Structure formats: C-alpha cells, structure tokens
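Shown below: work_38.cif, with mmCIF, C-alpha atoms.
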data_query
loop_
_atom_site.group_PDB
_atom_site.id
_atom_site.type_symbol
_atom_site.label_atom_id
_atom_site.label_comp_id
_atom_site.auth_asym_id
_atom_site.auth_seq_id
_atom_site.Cartn_x
_atom_site.Cartn_y
_atom_site.Cartn_z
ATOM 1 C CA MET X 1 -6.208 14.243 21.218
ATOM 2 C CA GLN X 2 -8.056 14.302 17.899
ATOM 3 C CA PRO X 3 -10.578 11.751 16.672
ATOM 4 C CA HIS X 4 -8.998 8.999 14.595
ATOM 5 C CA TYR X 5 -10.178 6.011 12.619
ATOM 6 C CA ALA X 6 -8.846 2.475 12.581
ATOM 7 C CA TYR X 7 -9.268 0.825 9.196
ATOM 8 C CA LEU X 8 -8.528 -2.237 7.118
ATOM 9 C CA ALA X 9 -7.041 -1.767 3.662
ATOM 10 C CA ASN X 10 -6.013 -4.008 0.794
ATOM 11 C CA SER X 11 -2.958 -2.621 -0.943
ATOM 12 C CA SER X 12 -0.323 -5.357 -1.148
ATOM 13 C CA GLY X 13 -2.593 -7.623 0.869
ATOM 14 C CA LEU X 14 -4.618 -6.995 3.997
ATOM 15 C CA LYS X 15 -3.309 -4.387 6.431
ATOM 16 C CA VAL X 16 -4.564 -2.459 9.431
ATOM 17 C CA GLY X 17 -3.970 1.245 9.852
ATOM 18 C CA MET X 18 -5.134 4.422 11.510
ATOM 19 C CA THR X 19 -5.644 7.962 10.352
ATOM 20 C CA ARG X 20 -7.260 11.263 11.261
ATOM 21 C CA ALA X 21 -10.682 11.980 9.784
ATOM 22 C CA SER X 22 -9.215 14.747 7.622
ATOM 23 C CA GLN X 23 -6.953 12.192 5.891
ATOM 24 C CA ILE X 24 -9.765 9.973 4.562
ATOM 25 C CA PRO X 25 -9.484 8.911 1.702
ATOM 26 C CA THR X 26 -6.110 10.613 1.117
ATOM 27 C CA ARG X 27 -4.302 8.108 3.356
ATOM 28 C CA TRP X 28 -5.639 5.123 1.425
ATOM 29 C CA LEU X 29 -4.872 6.649 -1.971
ATOM 30 C CA ASP X 30 -1.348 7.506 -0.812
ATOM 31 C CA GLN X 31 -0.834 3.870 0.228
ATOM 32 C CA GLY X 32 -2.148 2.572 -3.086
ATOM 33 C CA ALA X 33 -5.067 0.745 -1.466
ATOM 34 C CA ALA X 34 -7.417 -1.055 -3.835
ATOM 35 C CA GLN X 35 -9.977 -1.384 -1.031
ATOM 36 C CA ALA X 36 -10.487 0.181 2.390
ATOM 37 C CA LEU X 37 -12.974 -0.136 5.240
ATOM 38 C CA LEU X 38 -13.374 2.077 8.285
ATOM 39 C CA CYS X 39 -13.678 -0.174 11.342
ATOM 40 C CA PHE X 40 -13.635 2.099 14.413
ATOM 41 C CA ARG X 41 -13.967 5.767 15.237
ATOM 42 C CA VAL X 42 -11.956 6.610 18.339
ATOM 43 C CA PRO X 43 -11.566 9.875 20.258
ATOM 44 C CA THR X 44 -7.753 9.785 20.498
ATOM 45 C CA ARG X 45 -4.727 8.654 18.535
ATOM 46 C CA ARG X 46 -3.730 6.463 21.481
ATOM 47 C CA GLN X 47 -6.950 4.486 21.228
ATOM 48 C CA ALA X 48 -6.473 4.077 17.468
ATOM 49 C CA GLY X 49 -3.023 2.699 18.232
ATOM 50 C CA LEU X 50 -4.496 0.187 20.672
ATOM 51 C CA VAL X 51 -6.911 -1.050 18.013
ATOM 52 C CA GLU X 52 -4.070 -1.289 15.506
ATOM 53 C CA VAL X 53 -1.876 -3.249 17.938
ATOM 54 C CA ALA X 54 -4.701 -5.700 18.650
ATOM 55 C CA PHE X 55 -5.397 -6.263 14.935
ATOM 56 C CA LYS X 56 -1.761 -6.494 13.855
ATOM 57 C CA ARG X 57 -1.393 -9.723 15.774
ATOM 58 C CA TYR X 58 -3.350 -11.199 12.835
ATOM 59 C CA VAL X 59 -2.763 -8.871 9.867
ATOM 60 C CA ALA X 60 0.093 -6.693 8.641
ATOM 61 C CA ASP X 61 0.422 -3.034 9.563
ATOM 62 C CA ARG X 62 2.636 -2.142 6.604
ATOM 63 C CA THR X 63 2.366 -2.157 2.833
ATOM 64 C CA ASP X 64 4.868 -4.230 0.866
ATOM 65 C CA TRP X 65 5.741 -1.567 -1.704
ATOM 66 C CA ARG X 66 7.306 -4.043 -4.132
ATOM 67 C CA LYS X 67 4.211 -6.239 -4.134
ATOM 68 C CA LEU X 68 2.041 -3.117 -4.480
ATOM 69 C CA LEU X 69 3.799 -2.205 -7.722
ATOM 70 C CA VAL X 70 3.584 -5.518 -9.589
ATOM 71 C CA GLY X 71 -0.203 -5.633 -9.872
ATOM 72 C CA ASP X 72 -3.536 -5.270 -8.190
ATOM 73 C CA PRO X 73 -4.154 -7.384 -5.088
ATOM 74 C CA GLU X 74 -6.812 -10.081 -5.019
ATOM 75 C CA PRO X 75 -10.100 -8.539 -3.852
ATOM 76 C CA LEU X 76 -10.913 -9.261 -0.199
ATOM 77 C CA ASP X 77 -14.143 -9.335 1.773
ATOM 78 C CA LEU X 78 -13.130 -6.616 4.213
ATOM 79 C CA LYS X 79 -16.416 -6.876 6.154
ATOM 80 C CA ALA X 80 -15.752 -10.569 6.792
ATOM 81 C CA TRP X 81 -12.215 -9.741 7.918
ATOM 82 C CA GLN X 82 -13.561 -7.034 10.226
ATOM 83 C CA HIS X 83 -15.977 -9.494 11.855
ATOM 84 C CA GLY X 84 -13.278 -12.149 12.164
ATOM 85 C CA LEU X 85 -10.823 -9.742 13.765
ATOM 86 C CA LEU X 86 -13.470 -8.522 16.197
ATOM 87 C CA ASP X 87 -14.060 -12.126 17.254
ATOM 88 C CA ARG X 88 -10.327 -12.676 17.754
ATOM 89 C CA CYS X 89 -9.484 -9.308 19.309
ATOM 90 C CA GLY X 90 -12.580 -8.411 21.312
ATOM 91 C CA ASP X 91 -10.996 -9.248 24.678
ATOM 92 C CA ALA X 92 -7.755 -7.424 23.866
ATOM 93 C CA LEU X 93 -9.662 -4.346 22.732
ATOM 94 C CA GLY X 94 -11.714 -4.324 25.926
ATOM 95 C CA GLU X 95 -8.671 -4.801 28.186
ATOM 96 C CA ASN X 96 -6.671 -2.004 26.566
ATOM 97 C CA MET X 97 -9.332 0.667 26.823
ATOM 98 C CA THR X 98 -9.196 2.340 30.222
ATOM 99 C CA ALA X 99 -12.300 3.531 32.036
ATOM 100 C CA ASP X 100 -11.371 7.225 31.826
ATOM 101 C CA GLU X 101 -11.222 7.269 28.031
ATOM 102 C CA GLN X 102 -14.213 7.883 25.822
ATOM 103 C CA PRO X 103 -15.751 4.839 24.170
ATOM 104 C CA VAL X 104 -14.622 3.438 20.861
ATOM 105 C CA THR X 105 -17.332 3.366 18.196
ATOM 106 C CA LEU X 106 -17.561 0.242 16.051
ATOM 107 C CA LEU X 107 -18.492 1.227 12.501
ATOM 108 C CA ALA X 108 -20.486 -1.902 11.678
ATOM 109 C CA ASP X 109 -22.564 -0.263 8.933
ATOM 110 C CA GLU X 110 -19.676 1.169 6.918
ATOM 111 C CA GLU X 111 -19.289 -0.002 3.352
ATOM 112 C CA ALA X 112 -15.911 -0.832 1.838
ATOM 113 C CA HIS X 113 -14.425 1.694 -0.584
ATOM 114 C CA ALA X 114 -12.764 0.609 -3.847
ATOM 115 C CA PHE X 115 -10.058 2.485 -5.745
ATOM 116 C CA VAL X 116 -8.627 2.128 -9.250
ATOM 117 C CA TYR X 117 -5.304 3.657 -10.262
ATOM 118 C CA PRO X 118 -4.245 4.870 -13.715
ATOM 119 C CA VAL X 119 -1.740 2.140 -14.566
ATOM 120 C CA LEU X 120 -1.333 0.909 -18.140
ATOM 121 C CA THR X 121 1.201 -1.796 -17.315
ATOM 122 C CA TYR X 122 2.823 -3.000 -14.102
ATOM 123 C CA PRO X 123 6.543 -3.830 -14.116
ATOM 124 C CA LYS X 124 7.565 -7.484 -14.036
ATOM 125 C CA ARG X 125 10.411 -6.624 -11.675
ATOM 126 C CA VAL X 126 10.451 -3.523 -9.493
ATOM 127 C CA SER X 127 13.543 -1.339 -9.384
ATOM 128 C CA SER X 128 13.418 2.045 -7.712
ATOM 129 C CA PHE X 129 15.048 5.332 -8.582
ATOM 130 C CA ASN X 130 16.818 7.602 -6.133
ATOM 131 C CA PHE X 131 17.535 11.238 -6.994
ATOM 132 C CA ASP X 132 20.458 11.212 -4.537
ATOM 133 C CA LYS X 133 22.193 8.560 -6.670
ATOM 134 C CA THR X 134 20.822 9.360 -10.133
ATOM 135 C CA ALA X 135 20.157 12.991 -11.010
ATOM 136 C CA ARG X 136 18.466 12.263 -14.339
ATOM 137 C CA ILE X 137 15.664 9.754 -14.672
ATOM 138 C CA GLU X 138 14.184 8.900 -18.049
ATOM 139 C CA GLY X 139 11.379 6.646 -19.124
ATOM 140 C CA THR X 140 7.854 6.320 -20.414
ATOM 141 C CA LEU X 141 5.106 6.920 -17.886
ATOM 142 C CA LEU X 142 3.095 3.729 -17.391
ATOM 143 C CA GLY X 143 1.035 4.786 -14.406
ATOM 144 C CA ILE X 144 0.685 6.179 -10.928
ATOM 145 C CA LYS X 145 -0.249 4.093 -7.907
ATOM 146 C CA GLY X 146 -0.250 5.603 -4.478
ATOM 147 C CA GLN X 147 2.869 7.661 -3.995
ATOM 148 C CA TYR X 148 4.675 5.882 -6.834
ATOM 149 C CA VAL X 149 5.240 6.991 -10.402
ATOM 150 C CA ILE X 150 5.675 3.905 -12.584
ATOM 151 C CA LEU X 151 7.946 4.259 -15.615
ATOM 152 C CA ASP X 152 9.048 1.603 -18.089
ATOM 153 C CA THR X 153 12.552 1.965 -16.595
ATOM 154 C CA GLY X 154 11.657 1.769 -12.881
ATOM 155 C CA VAL X 155 9.544 3.357 -10.155
ATOM 156 C CA LEU X 156 9.915 6.579 -8.220
ATOM 157 C CA ASN X 157 8.529 7.160 -4.735
ATOM 158 C CA ILE X 158 7.526 10.765 -5.261
ATOM 159 C CA ARG X 159 6.767 11.423 -1.573
ATOM 160 C CA LYS X 160 10.300 10.406 -0.615
ATOM 161 C CA PHE X 161 11.625 13.296 -2.663
ATOM 162 C CA ALA X 162 9.239 16.018 -1.510
ATOM 163 C CA GLY X 163 11.107 19.292 -1.402
ATOM 164 C CA TYR X 164 13.425 18.415 -4.291
ATOM 165 C CA TYR X 165 13.477 20.724 -7.279
ATOM 166 C CA VAL X 166 12.531 18.676 -10.328
ATOM 167 C CA THR X 167 12.198 19.597 -13.979
ATOM 168 C CA LEU X 168 9.882 17.488 -16.098
ATOM 169 C CA THR X 169 10.504 17.374 -19.825
ATOM 170 C CA VAL X 170 7.961 15.793 -22.145
#

Can you dump the structure from the file as structure tokens?
Amino acid sequence: MQPHYAYLANSSGLKVGMTRASQIPTRWLDQGAAQALLCFRVPTRRQAGLVEVAFKRYVADRTDWRKLLVGDPEPLDLKAWQHGLLDRCGDALGENMTADEQPVTLLADEEAHAFVYPVLTYPKRVSSFNFDKTARIEGTLLGIKGQYVILDTGVLNIRKFAGYYVTLTV
C-alpha cells in the first residue's frame, strides 16, 4: 500500500516496469537502462501492476540480459511511446481501476532520463560466469552495466551472487 510508479525504459529494447519512489533511479540503473520515463504515479502496488499488465500487451516487461550486454540500444522516443500506449491502453486502464481506489496520476510533463555506463568494450558473444560452478574467475575488467560486471572472459551478474564471500585481486 505504498505509492509506486509505472515507467518505460530502454535497456535491451523498450520495456514497461514498476517501482517504489525510493527505488528511482536505482531500479533503472540496476536494469542497465539507457533511457527511462516515469509514466504514472499510483497509490498502490496493485494499481502499478494493472498499468504494467495493460502496457505489456504491446511492449516487453523483461530485459533481455544477453542483448543488454552486447551494446547500447537504439535511442527511443519514450514520450511518443507513452502517448501511443495511452491511446492503445486507455480503455483497459479505465476498466481495471475500481471506484474505491485512489486515482492514477498521468505524468505527462515528465522528461526522459538518460544513462551512460562505464563500458570500454562490449563482448561479441555473451557467456556468463557462475560461482557455484567456477570458484575462480579471471579476466580484464571492460565495464559495468546494470548488475553485470563485464570482463574480457565473460560476464558476471553480481546481484545473483549477493551474500557470497569474494576476494578481488588486482
């Protein structure tokens, strides 16, 4: 029962998502988004989910992590996408919001945010490391994008291994 936001992001292509206010822009950076746009402010997580369900009929709700790690996505006009999705989903959004819930606020005046990640070179082919299968990982650091550390030998989803004890040797 906390306020949430529904947003559009461009990480491995256009996606819709939702997050709490306290997670902006952390959520986008964690997903490796190159662009993000807040679309709606809603009083509850349930309402954010209803917006996401309506939008995901037309755009993805997940990031393709392999595509994310081979380069930057083509820039998108997120405002144009927002307007287009509102045209397509207006009826569904209205039908799914019950009378007893507080109104959803369209954030029509929001500007898109842009993010750049410290990546020297993207891999041609993405292979991932797993500490459960390989205890020692070696390589030259090429960059960090979202929750991924990019080495010349592969990528490591650092969030996946939260809680592991790791020693870094330079």

Using all atoms listed in the file, the residue out of X:Leu151, X:Leu14, X:Leu8, X:Val170 with shortest distance to Phe40 (chain X) is X:Leu8

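Restricting the calculation to only C-alpha atoms, the smallest distance between Lys124 (chain X) and any of X:Leu68, X:Leu78, X:Val166, X:His83 is found for X:Leu68.
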
Calculated over all atoms listed in the file, which of the candidates X:Leu120, X:Ser22, X:Ala9, X:Gly154 has the smallest distance to Ala60 (chain X)?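 Closest to Ala60 (chain X) of all the choices is X:Ala9.
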
One number please: CA of Val59 (chain X) to CA of Gly13 (chain X), in Å, one decimal.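 Atom-to-atom, CA of Val59 (chain X) and CA of Gly13 (chain X) are spaced 9.1 Å apart.
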
Distance query Leu106 (chain X) at most 10 Å, only C-alpha atoms, self and fewer than 6 positions along chain excluded, as a PDB file with C-alpha atoms, keeping the file's coordinate frame:
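Once written, result-v6.pdb looks like this:
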ATOM      1  CA  TYR X   5     -10.178   6.011  12.619  1.00  0.00           C
ATOM      2  CA  ALA X   6      -8.846   2.475  12.581  1.00  0.00           C
ATOM      3  CA  LEU X  38     -13.374   2.077   8.285  1.00  0.00           C
ATOM      4  CA  CYS X  39     -13.678  -0.174  11.342  1.00  0.00           C
ATOM      5  CA  PHE X  40     -13.635   2.099  14.413  1.00  0.00           C
ATOM      6  CA  ARG X  41     -13.967   5.767  15.237  1.00  0.00           C
ATOM      7  CA  VAL X  42     -11.956   6.610  18.339  1.00  0.00           C
ATOM      8  CA  LEU X  86     -13.470  -8.522  16.197  1.00  0.00           C
TER       9      LEU X  86
END

With the file shown as input, list the residues that the PyMOL selection byres ((chain X and resi 116) around 12) selects, as number ranges by chain. X: 11, 28-29, 32-36, 71-73, 113-115, 117-120, 143-146

Restricted to C-alpha atoms, what would the selected residues look like written as a compact mmCIF listing (two decimals), in the frame of the given file?
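File out.txt, as written:
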# COMPACT_ATOMS: atom_id res chain seq x y z
CA SER X 11 -2.96 -2.62 -0.94
CA TRP X 28 -5.64 5.12 1.42
CA LEU X 29 -4.87 6.65 -1.97
CA GLY X 32 -2.15 2.57 -3.09
CA ALA X 33 -5.07 0.74 -1.47
CA ALA X 34 -7.42 -1.06 -3.84
CA GLN X 35 -9.98 -1.38 -1.03
CA ALA X 36 -10.49 0.18 2.39
CA GLY X 71 -0.20 -5.63 -9.87
CA ASP X 72 -3.54 -5.27 -8.19
CA PRO X 73 -4.15 -7.38 -5.09
CA HIS X 113 -14.42 1.69 -0.58
CA ALA X 114 -12.76 0.61 -3.85
CA PHE X 115 -10.06 2.48 -5.74
CA TYR X 117 -5.30 3.66 -10.26
CA PRO X 118 -4.24 4.87 -13.72
CA VAL X 119 -1.74 2.14 -14.57
CA LEU X 120 -1.33 0.91 -18.14
CA GLY X 143 1.03 4.79 -14.41
CA ILE X 144 0.68 6.18 -10.93
CA LYS X 145 -0.25 4.09 -7.91
CA GLY X 146 -0.25 5.60 -4.48

List the neighbours of Tyr58 (chain X) out to 9 Å using all atoms listed in the file; skip same-chain residues closer than 2 positions along the sequence, and give me the result as a short mmCIF file (atom, residue, chain, number, x, y, z; two decimals) with C-alpha atoms, in the coordinates of the input.
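Result went into around-v2.cif, see below:
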data_model
loop_
_atom_site.label_atom_id
_atom_site.label_comp_id
_atom_site.auth_asym_id
_atom_site.auth_seq_id
_atom_site.Cartn_x
_atom_site.Cartn_y
_atom_site.Cartn_z
CA ALA X 54 -4.70 -5.70 18.65
CA PHE X 55 -5.40 -6.26 14.94
CA LYS X 56 -1.76 -6.49 13.86
CA ALA X 60 0.09 -6.69 8.64
CA LEU X 85 -10.82 -9.74 13.76
CA ARG X 88 -10.33 -12.68 17.75
#

Pairwise distance for CA of Gln31 (chain X) and CA of Trp65 (chain X), rounded to one decimal in Å: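 The value is 8.7 Å.
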
Which one is closest to Asp64 (chain X): X:Thr19, X:Ser12, X:Lys133, X:Ala162? Count only C-alpha atoms.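 Among the listed residues, X:Ser12 lies closest to Asp64 (chain X).
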
Scan for residues within 12 Å of the point (12.4, 4.6, -12.5) in the coordinates of the file, using all atoms listed in the file, and reply as a CSV table (one decimal) with C-alpha atoms, in the frame of the given file.
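Generated file (result-v3.csv):
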chain,number,residue,atom,x,y,z
X,69,LEU,CA,3.8,-2.2,-7.7
X,123,PRO,CA,6.5,-3.8,-14.1
X,125,ARG,CA,10.4,-6.6,-11.7
X,126,VAL,CA,10.5,-3.5,-9.5
X,127,SER,CA,13.5,-1.3,-9.4
X,128,SER,CA,13.4,2.0,-7.7
X,129,PHE,CA,15.0,5.3,-8.6
X,130,ASN,CA,16.8,7.6,-6.1
X,131,PHE,CA,17.5,11.2,-7.0
X,134,THR,CA,20.8,9.4,-10.1
X,135,ALA,CA,20.2,13.0,-11.0
X,136,ARG,CA,18.5,12.3,-14.3
X,137,ILE,CA,15.7,9.8,-14.7
X,138,GLU,CA,14.2,8.9,-18.0
X,139,GLY,CA,11.4,6.6,-19.1
X,140,THR,CA,7.9,6.3,-20.4
X,141,LEU,CA,5.1,6.9,-17.9
X,142,LEU,CA,3.1,3.7,-17.4
X,143,GLY,CA,1.0,4.8,-14.4
X,144,ILE,CA,0.7,6.2,-10.9
X,148,TYR,CA,4.7,5.9,-6.8
X,149,VAL,CA,5.2,7.0,-10.4
X,150,ILE,CA,5.7,3.9,-12.6
X,151,LEU,CA,7.9,4.3,-15.6
X,152,ASP,CA,9.0,1.6,-18.1
X,153,THR,CA,12.6,2.0,-16.6
X,154,GLY,CA,11.7,1.8,-12.9
X,155,VAL,CA,9.5,3.4,-10.2
X,156,LEU,CA,9.9,6.6,-8.2
X,157,ASN,CA,8.5,7.2,-4.7
X,158,ILE,CA,7.5,10.8,-5.3

What residues come out when you apply the PyMOL selection byres ((chain X and resi 2) around 6) to this file, written as a list in words? Met1, Pro3 and Thr44 of chain X

If you measure from CA of Asp91 (chain X) to CA of Ala108 (chain X), what distance in Å do you get, rounded to one decimal?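 Taking CA of Asp91 (chain X) as the start and CA of Ala108 (chain X) as the end point, the length is 17.7 Å.
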
Would you give the centre and edge lengths, in Å to one decimal, of a box along x, y and z around the listed atoms of region 138-145 of chain X, with 4 Å added to each side, as JSON?
{"center_x": 7.0, "center_y": 6.3, "center_z": -14.2, "size_x": 22.4, "size_y": 13.2, "size_z": 20.5}

Rank X:Gly17, X:Glu111, X:Tyr164, X:Arg46 by their smallest atom-to-atom distance to Lys79 (chain X), using only C-alpha atoms, and report the top residue only. X:Glu111

The PyMOL selection byres ((chain X and resi 77) around 10) applied to the shown file, residues as an MDAnalysis selection string: chainID X and resid 10 35 37 75:76 78:82 112

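For the set X:Pro43, X:Thr169, X:Lys67, X:Arg159, the residue with the smallest atom-to-atom gap to Val104 (chain X) is X:Pro43, counting all atoms listed in the file.
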
Residue rebuild result region 112-142 of chain X, N, CA and C atoms as a PDB file, keeping the file's coordinate frame:
ATOM      1  N   ALA X 112     -17.290  -0.882   2.319  1.00  0.00           N
ATOM      2  CA  ALA X 112     -15.911  -0.832   1.838  1.00  0.00           C
ATOM      3  C   ALA X 112     -15.816   0.115   0.642  1.00  0.00           C
ATOM      4  N   HIS X 113     -14.704   0.802   0.538  1.00  0.00           N
ATOM      5  CA  HIS X 113     -14.425   1.694  -0.584  1.00  0.00           C
ATOM      6  C   HIS X 113     -13.489   0.959  -1.542  1.00  0.00           C
ATOM      7  N   ALA X 114     -13.634   1.215  -2.839  1.00  0.00           N
ATOM      8  CA  ALA X 114     -12.764   0.609  -3.847  1.00  0.00           C
ATOM      9  C   ALA X 114     -12.090   1.718  -4.642  1.00  0.00           C
ATOM     10  N   PHE X 115     -10.839   1.484  -5.018  1.00  0.00           N
ATOM     11  CA  PHE X 115     -10.058   2.485  -5.745  1.00  0.00           C
ATOM     12  C   PHE X 115      -9.372   1.831  -6.943  1.00  0.00           C
ATOM     13  N   VAL X 116      -9.303   2.586  -8.036  1.00  0.00           N
ATOM     14  CA  VAL X 116      -8.627   2.128  -9.250  1.00  0.00           C
ATOM     15  C   VAL X 116      -7.588   3.186  -9.596  1.00  0.00           C
ATOM     16  N   TYR X 117      -6.405   2.748  -9.965  1.00  0.00           N
ATOM     17  CA  TYR X 117      -5.304   3.657 -10.262  1.00  0.00           C
ATOM     18  C   TYR X 117      -5.000   3.653 -11.759  1.00  0.00           C
ATOM     19  N   PRO X 118      -4.541   4.778 -12.283  1.00  0.00           N
ATOM     20  CA  PRO X 118      -4.245   4.870 -13.715  1.00  0.00           C
ATOM     21  C   PRO X 118      -2.910   4.202 -14.055  1.00  0.00           C
ATOM     22  N   VAL X 119      -2.950   2.894 -14.233  1.00  0.00           N
ATOM     23  CA  VAL X 119      -1.740   2.140 -14.566  1.00  0.00           C
ATOM     24  C   VAL X 119      -2.001   1.361 -15.853  1.00  0.00           C
ATOM     25  N   LEU X 120      -1.208   1.634 -16.875  1.00  0.00           N
ATOM     26  CA  LEU X 120      -1.333   0.909 -18.140  1.00  0.00           C
ATOM     27  C   LEU X 120      -0.730  -0.481 -18.038  1.00  0.00           C
ATOM     28  N   THR X 121       0.471  -0.540 -17.450  1.00  0.00           N
ATOM     29  CA  THR X 121       1.201  -1.796 -17.315  1.00  0.00           C
ATOM     30  C   THR X 121       2.010  -1.768 -16.034  1.00  0.00           C
ATOM     31  N   TYR X 122       1.986  -2.874 -15.303  1.00  0.00           N
ATOM     32  CA  TYR X 122       2.823  -3.000 -14.102  1.00  0.00           C
ATOM     33  C   TYR X 122       4.160  -3.618 -14.489  1.00  0.00           C
ATOM     34  N   PRO X 123       5.234  -3.232 -13.808  1.00  0.00           N
ATOM     35  CA  PRO X 123       6.543  -3.830 -14.116  1.00  0.00           C
ATOM     36  C   PRO X 123       6.598  -5.296 -13.687  1.00  0.00           C
ATOM     37  N   LYS X 124       7.367  -6.071 -14.401  1.00  0.00           N
ATOM     38  CA  LYS X 124       7.565  -7.484 -14.036  1.00  0.00           C
ATOM     39  C   LYS X 124       8.473  -7.575 -12.798  1.00  0.00           C
ATOM     40  N   ARG X 125       9.476  -6.698 -12.788  1.00  0.00           N
ATOM     41  CA  ARG X 125      10.411  -6.624 -11.675  1.00  0.00           C
ATOM     42  C   ARG X 125      10.521  -5.164 -11.271  1.00  0.00           C
ATOM     43  N   VAL X 126      10.461  -4.905  -9.979  1.00  0.00           N
ATOM     44  CA  VAL X 126      10.451  -3.523  -9.493  1.00  0.00           C
ATOM     45  C   VAL X 126      11.861  -3.066  -9.145  1.00  0.00           C
ATOM     46  N   SER X 127      12.293  -1.988  -9.776  1.00  0.00           N
ATOM     47  CA  SER X 127      13.543  -1.339  -9.384  1.00  0.00           C
ATOM     48  C   SER X 127      13.212   0.134  -9.151  1.00  0.00           C
ATOM     49  N   SER X 128      13.774   0.671  -8.084  1.00  0.00           N
ATOM     50  CA  SER X 128      13.418   2.045  -7.712  1.00  0.00           C
ATOM     51  C   SER X 128      14.531   3.020  -8.041  1.00  0.00           C
ATOM     52  N   PHE X 129      14.120   4.246  -8.317  1.00  0.00           N
ATOM     53  CA  PHE X 129      15.048   5.332  -8.582  1.00  0.00           C
ATOM     54  C   PHE X 129      15.288   6.128  -7.314  1.00  0.00           C
ATOM     55  N   ASN X 130      16.460   6.771  -7.269  1.00  0.00           N
ATOM     56  CA  ASN X 130      16.818   7.602  -6.133  1.00  0.00           C
ATOM     57  C   ASN X 130      17.538   8.833  -6.676  1.00  0.00           C
ATOM     58  N   PHE X 131      16.929  10.006  -6.487  1.00  0.00           N
ATOM     59  CA  PHE X 131      17.535  11.238  -6.994  1.00  0.00           C
ATOM     60  C   PHE X 131      18.891  11.528  -6.349  1.00  0.00           C
ATOM     61  N   ASP X 132      19.161  10.991  -5.181  1.00  0.00           N
ATOM     62  CA  ASP X 132      20.458  11.212  -4.537  1.00  0.00           C
ATOM     63  C   ASP X 132      21.567  10.436  -5.240  1.00  0.00           C
ATOM     64  N   LYS X 133      21.206   9.374  -5.961  1.00  0.00           N
ATOM     65  CA  LYS X 133      22.193   8.560  -6.670  1.00  0.00           C
ATOM     66  C   LYS X 133      22.170   8.803  -8.176  1.00  0.00           C
ATOM     67  N   THR X 134      20.991   9.139  -8.704  1.00  0.00           N
ATOM     68  CA  THR X 134      20.822   9.360 -10.133  1.00  0.00           C
ATOM     69  C   THR X 134      20.077  10.676 -10.326  1.00  0.00           C
ATOM     70  N   ALA X 135      20.764  11.658 -10.864  1.00  0.00           N
ATOM     71  CA  ALA X 135      20.157  12.991 -11.010  1.00  0.00           C
ATOM     72  C   ALA X 135      19.147  13.048 -12.146  1.00  0.00           C
ATOM     73  N   ARG X 136      19.348  12.231 -13.164  1.00  0.00           N
ATOM     74  CA  ARG X 136      18.466  12.263 -14.339  1.00  0.00           C
ATOM     75  C   ARG X 136      17.776  10.908 -14.480  1.00  0.00           C
ATOM     76  N   ILE X 137      16.460  10.964 -14.519  1.00  0.00           N
ATOM     77  CA  ILE X 137      15.664   9.754 -14.672  1.00  0.00           C
ATOM     78  C   ILE X 137      14.854   9.894 -15.950  1.00  0.00           C
ATOM     79  N   GLU X 138      14.912   8.875 -16.783  1.00  0.00           N
ATOM     80  CA  GLU X 138      14.184   8.900 -18.049  1.00  0.00           C
ATOM     81  C   GLU X 138      13.318   7.659 -18.152  1.00  0.00           C
ATOM     82  N   GLY X 139      12.235   7.792 -18.894  1.00  0.00           N
ATOM     83  CA  GLY X 139      11.379   6.646 -19.124  1.00  0.00           C
ATOM     84  C   GLY X 139      10.010   7.075 -19.597  1.00  0.00           C
ATOM     85  N   THR X 140       9.229   6.094 -19.978  1.00  0.00           N
ATOM     86  CA  THR X 140       7.854   6.320 -20.414  1.00  0.00           C
ATOM     87  C   THR X 140       6.928   6.084 -19.238  1.00  0.00           C
ATOM     88  N   LEU X 141       6.048   7.032 -18.991  1.00  0.00           N
ATOM     89  CA  LEU X 141       5.106   6.920 -17.886  1.00  0.00           C
ATOM     90  C   LEU X 141       4.103   5.811 -18.180  1.00  0.00           C
ATOM     91  N   LEU X 142       4.039   4.836 -17.259  1.00  0.00           N
ATOM     92  CA  LEU X 142       3.095   3.729 -17.391  1.00  0.00           C
ATOM     93  C   LEU X 142       1.936   3.850 -16.415  1.00  0.00           C
TER      94      LEU X 142
END
